[in-house]
$ cat run-v2.pdb   # PDB, C-alpha atoms
ATOM      1  CA  MET P  30       3.614   3.634  10.576
ATOM      2  CA  ALA P  31       6.251   4.093   7.869
ATOM      3  CA  SER P  32       8.897   3.708  10.559
ATOM      4  CA  ASN P  33       7.288   0.626  12.088
ATOM      5  CA  ILE P  34       6.957  -1.040   8.684
ATOM      6  CA  THR P  35      10.547  -0.152   7.778
ATOM      7  CA  GLU P  36      12.046  -1.518  10.975
ATOM      8  CA  GLY P  37       9.865  -4.623  10.804
ATOM      9  CA  LEU P  38      10.991  -5.347   7.249
ATOM     10  CA  VAL P  39      14.671  -4.768   8.022
ATOM     11  CA  ALA P  40      14.413  -7.179  10.947
ATOM     12  CA  ARG P  41      13.221  -9.830   8.469
ATOM     13  CA  GLY P  42      16.098  -9.268   6.071
ATOM     14  CA  TRP P  43      14.509  -6.932   3.516
ATOM     15  CA  ASP P  44      16.758  -4.362   1.823
ATOM     16  CA  VAL P  45      14.920  -1.115   2.591
ATOM     17  CA  THR P  46      15.633   2.513   1.746
ATOM     18  CA  LEU P  47      13.615   4.963   3.821
ATOM     19  CA  PHE P  48      12.927   8.355   2.255
ATOM     20  CA  ALA P  49      12.434  10.630   5.249
ATOM     21  CA  THR P  50      13.923  13.648   7.007
ATOM     22  CA  ARG P  51      17.641  13.544   7.765
ATOM     23  CA  ASP P  52      17.049  13.444  11.543
ATOM     24  CA  SER P  53      15.103  10.166  11.237
ATOM     25  CA  VAL P  54      16.372   7.147  13.157
ATOM     26  CA  THR P  55      16.317   3.866  11.249
ATOM     27  CA  ARG P  56      18.213   0.644  10.637
ATOM     28  CA  ALA P  57      17.388   0.944   6.939
ATOM     29  CA  ARG P  58      19.274   3.081   4.428
ATOM     30  CA  LEU P  59      18.133   6.651   4.993
ATOM     31  CA  HIS P  60      17.781   9.032   2.068
ATOM     32  CA  ALA P  61      16.859  12.635   2.832
ATOM     33  CA  VAL P  62      16.465  15.942   1.041
ATOM     34  CA  VAL P  63      15.531  18.025   4.097
ATOM     35  CA  ASP P  64      17.034  18.030   7.568
ATOM     36  CA  LYS P  65      13.840  18.316   9.587
ATOM     37  CA  GLY P  66      10.115  18.186   9.057
ATOM     38  CA  TYR P  67       8.449  21.514   8.328
ATOM     39  CA  GLU P  68       6.517  21.349  11.597
ATOM     40  CA  GLU P  69       9.879  21.483  13.436
ATOM     41  CA  ASP P  70      11.639  23.972  11.152
ATOM     42  CA  SER P  71       9.782  27.120  10.162
ATOM     43  CA  ASN P  72      12.435  27.885   7.531
ATOM     44  CA  VAL P  73      11.270  24.914   5.468
ATOM     45  CA  ASP P  74       8.581  25.660   2.914
ATOM     46  CA  PRO P  75       6.156  22.713   3.082
ATOM     47  CA  LYS P  76       5.360  22.493  -0.631
ATOM     48  CA  ILE P  77       8.984  22.738  -1.696
ATOM     49  CA  ALA P  78      10.022  20.085   0.827
ATOM     50  CA  GLU P  79       7.182  17.783  -0.214
ATOM     51  CA  TYR P  80       7.931  17.859  -3.909
ATOM     52  CA  LEU P  81      11.686  17.634  -3.514
ATOM     53  CA  HIS P  82      11.036  14.619  -1.313
ATOM     54  CA  ILE P  83       8.624  12.877  -3.694
ATOM     55  CA  SER P  84      10.659  13.556  -6.831
ATOM     56  CA  GLU P  85      13.828  12.256  -5.161
ATOM     57  CA  ALA P  86      12.209   8.890  -4.534
ATOM     58  CA  PHE P  87      10.764   8.539  -8.033
ATOM     59  CA  GLU P  88      13.949   9.664  -9.782
ATOM     60  CA  ARG P  89      15.615   6.674  -8.117
ATOM     61  CA  ALA P  90      12.734   4.305  -8.848
ATOM     62  CA  GLY P  91      14.881   2.080 -11.065
ATOM     63  CA  GLU P  92      16.945   1.051  -8.042
ATOM     64  CA  PHE P  93      13.973  -0.594  -6.352
ATOM     65  CA  ASP P  94      11.665  -3.564  -6.888
ATOM     66  CA  LEU P  95       8.798  -1.699  -5.220
ATOM     67  CA  ILE P  96       7.997   1.757  -3.895
ATOM     68  CA  HIS P  97       5.689   1.744  -0.882
ATOM     69  CA  SER P  98       4.128   5.196  -0.525
ATOM     70  CA  HIS P  99       2.428   6.672   2.536
ATOM     71  CA  TYR P 100       2.333  10.094   0.911
ATOM     72  CA  ASP P 101      -1.357  10.431   0.179
ATOM     73  CA  PHE P 102      -2.521  11.558  -3.265
ATOM     74  CA  MET P 103       0.575  13.598  -4.189
ATOM     75  CA  ALA P 104       2.890  10.693  -4.973
ATOM     76  CA  LEU P 105       0.236   9.084  -7.180
ATOM     77  CA  THR P 106       0.873  11.714  -9.840
ATOM     78  CA  TYR P 107       4.365  10.251 -10.391
ATOM     79  CA  THR P 108       3.403   6.573 -10.552
ATOM     80  CA  ARG P 109       2.840   6.344 -14.323
ATOM     81  CA  LEU P 110       6.201   7.970 -15.024
ATOM     82  CA  VAL P 111       8.180   4.994 -13.689
ATOM     83  CA  LYS P 112       8.236   1.264 -14.378
ATOM     84  CA  THR P 113       8.673   0.324 -10.716
ATOM     85  CA  PRO P 114       5.355  -0.755  -9.140
ATOM     86  CA  VAL P 115       4.014   1.563  -6.462
ATOM     87  CA  LEU P 116       1.882   0.533  -3.501
ATOM     88  CA  THR P 117      -0.069   3.289  -1.764
ATOM     89  CA  THR P 118      -1.317   2.882   1.791
ATOM     90  CA  ILE P 119      -4.243   5.259   2.233
ATOM     91  CA  HIS P 120      -4.281   6.706   5.745
ATOM     92  CA  GLY P 121      -7.647   8.341   5.249
ATOM     93  CA  PHE P 122      -9.023  10.811   2.719
ATOM     94  CA  SER P 123      -8.282  14.333   3.899
ATOM     95  CA  SER P 124     -10.815  16.066   1.658
ATOM     96  CA  PRO P 125     -13.397  15.239  -1.030
ATOM     97  CA  LYS P 126     -11.381  17.519  -3.330
ATOM     98  CA  ILE P 127      -8.513  15.016  -3.584
ATOM     99  CA  MET P 128     -10.732  12.204  -4.826
ATOM    100  CA  SER P 129     -10.272  13.225  -8.469
ATOM    101  CA  VAL P 130      -6.597  12.244  -8.150
ATOM    102  CA  TYR P 131      -7.464   8.843  -6.695
ATOM    103  CA  GLN P 132     -10.044   8.348  -9.441
ATOM    104  CA  LYS P 133      -7.488   9.113 -12.149
ATOM    105  CA  TYR P 134      -5.034   6.583 -10.693
ATOM    106  CA  CYS P 135      -7.656   4.098  -9.506
ATOM    107  CA  ASP P 136      -5.929   1.198 -11.278
ATOM    108  CA  GLY P 137      -2.853   1.478  -9.048
ATOM    109  CA  TYR P 138      -2.148  -0.745  -6.065
ATOM    110  CA  PHE P 139      -3.846   0.316  -2.833
ATOM    111  CA  VAL P 140      -4.057  -0.851   0.776
ATOM    112  CA  SER P 141      -6.613   0.444   3.276
ATOM    113  CA  ILE P 142      -5.950   0.668   7.024
ATOM    114  CA  SER P 143      -9.495  -0.459   7.851
ATOM    115  CA  GLU P 144     -12.371  -2.051   5.985
ATOM    116  CA  SER P 145     -14.579   0.922   6.789
ATOM    117  CA  ASP P 146     -12.234   3.551   5.362
ATOM    118  CA  ARG P 147     -12.432   2.678   1.686
ATOM    119  CA  ALA P 148     -13.507   4.544  -1.429
ATOM    120  CA  SER P 149     -15.346   2.777  -4.223
ATOM    121  CA  GLY P 150     -13.567   2.116  -7.492
ATOM    122  CA  LEU P 151      -9.999   1.827  -6.181
ATOM    123  CA  ASN P 152      -7.880  -1.269  -6.768
ATOM    124  CA  TYR P 153      -7.518  -2.408  -3.160
ATOM    125  CA  LEU P 154      -5.316  -5.451  -2.684
ATOM    126  CA  ALA P 155      -5.938  -5.798   1.060
ATOM    127  CA  THR P 156      -6.663  -4.136   4.360
ATOM    128  CA  VAL P 157      -3.596  -4.054   6.590
ATOM    129  CA  TYR P 158      -4.224  -2.716  10.070
ATOM    130  CA  ASN P 159      -1.714  -0.343  11.604
ATOM    131  CA  GLY P 160       0.727  -2.092  13.934
ATOM    132  CA  ILE P 161       2.208  -0.758  17.154
ATOM    133  CA  ASP P 162       5.343  -1.662  19.083
ATOM    134  CA  LEU P 163       3.910  -3.477  22.081
ATOM    135  CA  SER P 164       7.162  -3.081  24.014
ATOM    136  CA  LEU P 165       6.354   0.639  24.308
ATOM    137  CA  TYR P 166       3.122  -0.081  26.177
ATOM    138  CA  PRO P 167       3.707  -2.473  29.074
ATOM    139  CA  PHE P 168       0.706  -4.406  30.297
ATOM    140  CA  GLN P 169      -0.987  -2.906  33.354
ATOM    141  CA  GLU P 170      -2.491  -5.657  35.515
ATOM    142  CA  SER P 171      -4.899  -3.194  37.063
ATOM    143  CA  GLY P 172      -5.879   0.409  36.502
ATOM    144  CA  GLY P 173      -7.205   3.268  38.537
ATOM    145  CA  ASP P 174     -10.560   5.019  38.624
ATOM    146  CA  ASP P 175      -9.967   7.839  36.165
ATOM    147  CA  LEU P 176     -11.370   8.260  32.687
ATOM    148  CA  ILE P 177      -8.867   9.086  29.949
ATOM    149  CA  PHE P 178      -9.158  11.073  26.744
ATOM    150  CA  LEU P 179      -6.143  10.925  24.424
ATOM    151  CA  GLY P 180      -6.235  12.633  21.070
ATOM    152  CA  ARG P 181      -6.457  15.834  19.098
ATOM    153  CA  ILE P 182      -8.560  18.496  20.808
ATOM    154  CA  HIS P 183     -10.962  18.865  17.912
ATOM    155  CA  PRO P 184     -14.728  18.326  17.584
ATOM    156  CA  ASP P 185     -14.075  15.197  15.485
ATOM    157  CA  LYS P 186     -12.524  13.414  18.471
ATOM    158  CA  GLY P 187     -15.297  14.232  20.946
ATOM    159  CA  ALA P 188     -13.510  15.563  24.022
ATOM    160  CA  HIS P 189     -16.683  17.519  24.841
ATOM    161  CA  LEU P 190     -18.636  14.263  24.919
ATOM    162  CA  ALA P 191     -16.039  12.709  27.215
ATOM    163  CA  ILE P 192     -16.612  15.635  29.595
ATOM    164  CA  GLU P 193     -20.355  14.930  29.552
ATOM    165  CA  VAL P 194     -19.701  11.289  30.433
ATOM    166  CA  ALA P 195     -17.421  12.318  33.287
ATOM    167  CA  HIS P 196     -20.011  14.679  34.739
ATOM    168  CA  LEU P 197     -22.866  12.177  34.434
ATOM    169  CA  SER P 198     -20.835   9.303  35.882
ATOM    170  CA  GLY P 199     -19.173  11.297  38.645
ATOM    171  CA  ARG P 200     -15.705  10.171  37.544
ATOM    172  CA  ARG P 201     -12.589  12.262  37.058
ATOM    173  CA  LEU P 202     -11.514  12.840  33.437
ATOM    174  CA  ILE P 203      -7.950  13.512  32.315
ATOM    175  CA  ILE P 204      -7.614  15.027  28.832
ATOM    176  CA  ALA P 205      -4.322  14.866  26.930
ATOM    177  CA  GLY P 206      -3.504  15.941  23.393
ATOM    178  CA  ILE P 207      -2.640  18.833  21.132
ATOM    179  CA  ILE P 208      -5.154  21.653  20.739
ATOM    180  CA  GLN P 209      -5.996  21.599  17.050
ATOM    181  CA  ASP P 210      -9.072  23.837  17.234
ATOM    182  CA  ASP P 211      -8.547  26.810  19.545
ATOM    183  CA  ALA P 212     -12.139  28.073  19.369
ATOM    184  CA  TYR P 213     -13.490  24.624  20.205
ATOM    185  CA  PHE P 214     -11.110  24.302  23.169
ATOM    186  CA  GLN P 215     -11.985  27.753  24.523
ATOM    187  CA  LYS P 216     -15.745  27.327  24.208
ATOM    188  CA  GLN P 217     -16.412  23.663  24.939
ATOM    189  CA  ILE P 218     -13.440  22.309  26.870
ATOM    190  CA  GLU P 219     -11.676  25.008  28.884
ATOM    191  CA  PRO P 220     -14.763  26.167  30.871
ATOM    192  CA  HIS P 221     -15.030  22.661  32.368
ATOM    193  CA  ILE P 222     -11.394  22.365  33.429
ATOM    194  CA  ASP P 223     -11.197  22.646  37.195
ATOM    195  CA  ASP P 224      -8.326  20.184  37.863
ATOM    196  CA  GLN P 225     -10.703  18.165  39.998
ATOM    197  CA  SER P 226     -13.423  16.633  37.875
ATOM    198  CA  VAL P 227     -11.739  17.546  34.567
ATOM    199  CA  SER P 228      -8.020  18.114  33.933
ATOM    200  CA  TYR P 229      -6.125  19.014  30.785
ATOM    201  CA  ILE P 230      -2.428  18.099  30.800
ATOM    202  CA  GLY P 231      -1.434  18.977  27.227
ATOM    203  CA  PRO P 232       0.285  16.717  24.706
ATOM    204  CA  VAL P 233       1.988  13.586  26.041
ATOM    205  CA  GLY P 234       4.550  11.168  24.655
ATOM    206  CA  VAL P 235       4.778   7.427  25.216
ATOM    207  CA  ALA P 236       5.844   7.789  28.861
ATOM    208  CA  GLY P 237       2.951  10.156  29.523
ATOM    209  CA  LYS P 238       0.507   7.786  27.882
ATOM    210  CA  ASN P 239       1.693   4.930  30.063
ATOM    211  CA  GLU P 240       1.244   7.049  33.180
ATOM    212  CA  LEU P 241      -2.337   7.688  32.132
ATOM    213  CA  PHE P 242      -2.952   4.042  31.288
ATOM    214  CA  ALA P 243      -1.752   3.088  34.771
ATOM    215  CA  ARG P 244      -4.368   5.285  36.421
ATOM    216  CA  GLY P 245      -7.237   4.817  33.980
ATOM    217  CA  CYS P 246     -10.252   2.547  34.253
ATOM    218  CA  ALA P 247     -11.237   3.250  30.641
ATOM    219  CA  LEU P 248     -10.296   5.275  27.586
ATOM    220  CA  LEU P 249     -13.112   7.355  26.118
ATOM    221  CA  HIS P 250     -13.028   7.746  22.337
ATOM    222  CA  LEU P 251     -16.360   9.321  21.475
ATOM    223  CA  ASN P 252     -15.521  10.344  17.933
ATOM    224  CA  THR P 253     -18.161  12.338  16.083
ATOM    225  CA  ILE P 254     -17.115  11.242  12.569
ATOM    226  CA  PRO P 255     -16.183   7.782  11.252
ATOM    227  CA  GLU P 256     -12.782   6.782  12.608
ATOM    228  CA  ARG P 257     -10.183   5.851  10.001
ATOM    229  CA  PHE P 258      -8.272   3.528  12.324
ATOM    230  CA  GLY P 259      -7.869   4.917  15.831
ATOM    231  CA  LEU P 260      -4.302   4.176  16.894
ATOM    232  CA  VAL P 261      -4.909   5.224  20.490
ATOM    233  CA  LEU P 262      -7.537   2.482  20.815
ATOM    234  CA  ALA P 263      -4.903  -0.167  20.115
ATOM    235  CA  GLU P 264      -2.368   1.559  22.376
ATOM    236  CA  ALA P 265      -4.796   1.623  25.313
ATOM    237  CA  ASN P 266      -5.821  -1.997  24.782
ATOM    238  CA  ALA P 267      -2.153  -2.996  24.584
ATOM    239  CA  ALA P 268      -1.722  -1.650  28.099
ATOM    240  CA  GLY P 269      -4.834  -3.552  29.171
ATOM    241  CA  VAL P 270      -7.117  -0.513  29.314
ATOM    242  CA  PRO P 271     -10.697  -1.095  28.069
ATOM    243  CA  VAL P 272     -12.031   1.381  25.505
ATOM    244  CA  ILE P 273     -15.473   2.922  25.180
ATOM    245  CA  ALA P 274     -15.759   4.123  21.588
ATOM    246  CA  MET P 275     -18.451   5.554  19.392
ATOM    247  CA  ASP P 276     -19.606   2.974  16.866
ATOM    248  CA  LEU P 277     -18.443   4.949  13.836
ATOM    249  CA  GLY P 278     -16.009   3.842  11.159
ATOM    250  CA  SER P 279     -13.234   1.475  12.135
ATOM    251  CA  CYS P 280     -13.945   1.450  15.888
ATOM    252  CA  ARG P 281     -15.839  -1.839  15.542
ATOM    253  CA  GLU P 282     -12.803  -3.334  13.786
ATOM    254  CA  VAL P 283     -10.320  -2.299  16.472
ATOM    255  CA  ILE P 284     -12.542  -2.821  19.517
ATOM    256  CA  LYS P 285     -14.256  -6.156  20.119
ATOM    257  CA  HIS P 286     -17.538  -5.225  21.766
ATOM    258  CA  GLY P 287     -17.850  -6.818  25.185
ATOM    259  CA  GLN P 288     -14.304  -8.211  25.107
ATOM    260  CA  THR P 289     -11.886  -5.289  24.785
ATOM    261  CA  GLY P 290     -14.348  -2.497  25.421
ATOM    262  CA  PHE P 291     -17.758  -1.287  24.338
ATOM    263  CA  LEU P 292     -19.179   0.359  21.236
ATOM    264  CA  VAL P 293     -21.795   3.010  21.934
ATOM    265  CA  ASN P 294     -23.996   5.429  20.020
ATOM    266  CA  ASN P 295     -24.322   8.309  22.459
ATOM    267  CA  VAL P 296     -23.258   9.707  25.836
ATOM    268  CA  ILE P 297     -25.939   7.860  27.807
ATOM    269  CA  GLU P 298     -24.808   4.520  26.407
ATOM    270  CA  ALA P 299     -21.208   5.438  27.260
ATOM    271  CA  VAL P 300     -22.187   6.113  30.877
ATOM    272  CA  GLU P 301     -24.012   2.786  31.023
ATOM    273  CA  ALA P 302     -20.996   1.013  29.500
ATOM    274  CA  LEU P 303     -18.816   2.271  32.356
ATOM    275  CA  GLU P 304     -20.810   0.064  34.711
ATOM    276  CA  ARG P 305     -19.761  -2.957  32.630
ATOM    277  CA  ILE P 306     -16.021  -2.209  32.607
ATOM    278  CA  PRO P 307     -15.367  -4.849  35.340
ATOM    279  CA  GLU P 308     -16.571  -7.470  32.819
ATOM    280  CA  ILE P 309     -13.551  -6.773  30.590
ATOM    281  CA  ASP P 310     -10.505  -9.031  30.918
ATOM    282  CA  ARG P 311      -7.511  -6.712  30.643
ATOM    283  CA  ARG P 312      -5.279  -9.545  29.434
ATOM    284  CA  ALA P 313      -7.728 -10.213  26.596
ATOM    285  CA  CYS P 314      -7.328  -6.582  25.536
ATOM    286  CA  ARG P 315      -3.581  -6.986  25.116
ATOM    287  CA  ASN P 316      -3.877 -10.386  23.472
ATOM    288  CA  ARG P 317      -6.168  -8.999  20.793
ATOM    289  CA  VAL P 318      -3.710  -6.190  20.019
ATOM    290  CA  GLN P 319      -0.872  -8.693  19.823
ATOM    291  CA  GLN P 320      -2.867 -10.806  17.392
ATOM    292  CA  HIS P 321      -4.253  -8.073  15.127
ATOM    293  CA  PHE P 322      -2.400  -4.780  15.670
ATOM    294  CA  SER P 323       1.259  -5.601  16.330
ATOM    295  CA  ILE P 324       4.161  -4.641  14.075
ATOM    296  CA  GLU P 325       4.678  -8.330  13.317
ATOM    297  CA  THR P 326       1.092  -8.781  12.141
ATOM    298  CA  MET P 327       1.283  -5.618  10.059
ATOM    299  CA  VAL P 328       4.528  -6.690   8.386
ATOM    300  CA  ASP P 329       3.022 -10.138   7.696
ATOM    301  CA  GLY P 330       0.178  -8.381   5.903
ATOM    302  CA  TYR P 331       2.448  -6.196   3.809
ATOM    303  CA  GLU P 332       4.684  -9.115   2.869
ATOM    304  CA  ARG P 333       1.618 -10.853   1.453
ATOM    305  CA  VAL P 334       0.693  -7.711  -0.497
ATOM    306  CA  TYR P 335       4.231  -7.325  -1.853
ATOM    307  CA  SER P 336       4.184 -10.926  -3.065
ATOM    308  CA  MET P 337       0.839 -10.314  -4.714
ATOM    309  CA  ILE P 338       2.224  -7.284  -6.551
ATOM    310  CA  PHE P 339       5.352  -9.125  -7.696
ATOM    311  CA  ASP P 340       3.164 -11.939  -9.053
ATOM    312  CA  LEU P 341       0.874  -9.509 -10.861
ATOM    313  CA  GLU P 342       3.814  -7.600 -12.324
ATOM    314  CA  ALA P 343       5.446 -10.832 -13.537
ATOM    315  CA  LYS P 344       2.264 -11.795 -15.396
ATOM    316  CA  ARG P 345       2.164  -8.424 -17.144
ATOM    317  CA  ARG P 346       5.659  -8.721 -18.549
ATOM    318  CA  PRO P 347       5.892 -10.008 -22.149
TER
END
$ encode --input "run-v2.pdb" --output "structure tokens"
Amino acid sequence: MASNITEGLVARGWDVTLFATRDSVTRARLHAVVDKGYEEDSNVDPKIAEYLHISEAFERAGEFDLIHSHYDFMALTYTRLVKTPVLTTIHGFSSPKIMSVYQKYCDGYFVSISESDRASGLNYLATVYNGIDLSLYPFQESGGDDLIFLGRIHPDKGAHLAIEVAHLSGRRLIIAGIIQDDAYFQKQIEPHIDDQSVSYIGPVGVAGKNELFARGCALLHLNTIPERFGLVLAEANAAGVPVIAMDLGSCREVIKHGQTGFLVNNVIEAVEALERIPEIDRRACRNRVQQHFSIETMVDGYERVYSMIFDLEAKRRP
């Protein structure tokens, strides 16, 4: 999202400096303190990289009119040390333990990525939905018969429930994503993989997603906890693929029930929703993404927030 916002702003003439790893690709000015992310380079100590990265941005705060942070609670601890206003986009709350930091800095400027994923007491200026590059997901006029699961292999994302739907509906399920919980995969997913009714193909990039979208009749997103945003829902809809999602968290904000997919409360309702997939207009799925979840719409939203902050800051000056 930081990349999409950066490139969208640069395209509109904003002067942007992106603080990111040195191997990042951007049309903005790139400022880096580490060559690669610590997930790609085991020689990088995560905590050292994180705090070198954050401090570098705030030590240069005087060069900027605004710092837009996507760095969770950690960057908040620097915000009162600089005069430059700081906007924090909250991409979900990773643990109840971090809430004391948000509470201390609750008078800062915050944006949520969905109406449902908000904490009380924070100074939210707006909700700005995540935006995707629609050119990466070409529209598929028609799909196949398969069910698709795309996401982390973790109980939160409900791959086990997608398997239940596949078995009850008699449809083939293709699972793609990183295994984040090995025990969960071994106990609840792997025993069902037979490469006929259920297949697991591992993590996939954009090209792999598009191959799945071309053969899918629906994406199953049967999350077991409230969804913060659900990027894959927008990606599937962009390709014209209807989504069947659990009605938890932001799913009802991303999916328009009966128009771009169906919101359900359990496996049985998901199976029943499959019978209604022919009612969905695939073009309407893409149109909704273009209207609400494109990079352009996201940048529009952030431009409004930036203007709001500049106005508020101007009123505070003597």
$ resolve_selection --input "run-v2.pdb" --expression "the PyMOL selection byres ((chain P and resi 290-299) around 7)" --output "NGL selection string"
:P and (190 or 194 or 271-276 or 281 or 284-289 or 300-303 or 309)
$ resolve_selection --input "run-v2.pdb" --expression "the PyMOL selection byres ((chain P and resi 75-91) around 12)" --output "compact mmCIF listing (two decimals) with C-alpha atoms, keeping the file's coordinate frame"
# COMPACT_ATOMS: atom_id res chain seq x y z
CA THR P 46 15.63 2.51 1.75
CA LEU P 47 13.62 4.96 3.82
CA PHE P 48 12.93 8.36 2.26
CA ALA P 49 12.43 10.63 5.25
CA THR P 50 13.92 13.65 7.01
CA ARG P 51 17.64 13.54 7.76
CA LEU P 59 18.13 6.65 4.99
CA HIS P 60 17.78 9.03 2.07
CA ALA P 61 16.86 12.64 2.83
CA VAL P 62 16.46 15.94 1.04
CA VAL P 63 15.53 18.02 4.10
CA ASP P 64 17.03 18.03 7.57
CA LYS P 65 13.84 18.32 9.59
CA GLY P 66 10.12 18.19 9.06
CA TYR P 67 8.45 21.51 8.33
CA GLU P 68 6.52 21.35 11.60
CA GLU P 69 9.88 21.48 13.44
CA ASP P 70 11.64 23.97 11.15
CA SER P 71 9.78 27.12 10.16
CA ASN P 72 12.44 27.88 7.53
CA VAL P 73 11.27 24.91 5.47
CA ASP P 74 8.58 25.66 2.91
CA GLU P 92 16.94 1.05 -8.04
CA PHE P 93 13.97 -0.59 -6.35
CA ASP P 94 11.66 -3.56 -6.89
CA LEU P 95 8.80 -1.70 -5.22
CA ILE P 96 8.00 1.76 -3.90
CA HIS P 97 5.69 1.74 -0.88
CA SER P 98 4.13 5.20 -0.52
CA HIS P 99 2.43 6.67 2.54
CA TYR P 100 2.33 10.09 0.91
CA ASP P 101 -1.36 10.43 0.18
CA PHE P 102 -2.52 11.56 -3.26
CA MET P 103 0.57 13.60 -4.19
CA ALA P 104 2.89 10.69 -4.97
CA LEU P 105 0.24 9.08 -7.18
CA THR P 106 0.87 11.71 -9.84
CA TYR P 107 4.36 10.25 -10.39
CA THR P 108 3.40 6.57 -10.55
CA ARG P 109 2.84 6.34 -14.32
CA LEU P 110 6.20 7.97 -15.02
CA VAL P 111 8.18 4.99 -13.69
CA LYS P 112 8.24 1.26 -14.38
CA THR P 113 8.67 0.32 -10.72
CA PRO P 114 5.36 -0.76 -9.14
CA VAL P 115 4.01 1.56 -6.46
$ closest_residue --input "run-v2.pdb" --among "P:Ala188, P:Val227, P:Leu241, P:Ile182" --to "P:Gln209" --atoms "all atoms listed in the file"
P:Ile182
$ residues_near_point --input "run-v2.pdb" --point "(-7.9, 6.1, -7.1)" --cutoff "10 Å" --atoms "only C-alpha atoms" --output "PyMOL selection string"
chain P and resi 102+105+117+127-139+148-153
$ resolve_selection --input "run-v2.pdb" --expression "the PyMOL selection byres ((chain P and resi 167) around 8)" --output "PyMOL selection string"
chain P and resi 163-166+168-169+239+267-268
$ atom_distance --input "run-v2.pdb" --atom1 "atom CA of P:Ile338" --atom2 "atom CA of P:Leu116"
8.4 Å
$ atom_distance --input "run-v2.pdb" --atom1 "atom CA of P:Gln319" --atom2 "atom CA of P:Pro232"
25.9 Å
$ atom_distance --input "run-v2.pdb" --atom1 "atom CA of P:Ala191" --atom2 "atom CA of P:Gly269"
19.8 Å
$ residues_around --input "run-v2.pdb" --residues "P:Leu179" --least-positions-apart "6" --cutoff "12 Å" --atoms "only C-alpha atoms" --output "PyMOL selection string"
chain P and resi 186-188+191+202-208+229-235+237-239+241-242+245+247-252+259-265+272
$ closest_residue --input "run-v2.pdb" --among "P:His196, P:Ala212, P:Val270, P:Arg201" --to "P:Ser171" --atoms "all atoms listed in the file"
P:Val270
$ axis_aligned_box --input "run-v2.pdb" --around "stretch 293-310 of chain P" --padding-each-side "5 Å" --output "JSON"
{"center_x": -18.2, "center_y": 0.3, "center_z": 27.7, "size_x": 25.4, "size_y": 28.7, "size_z": 25.3}
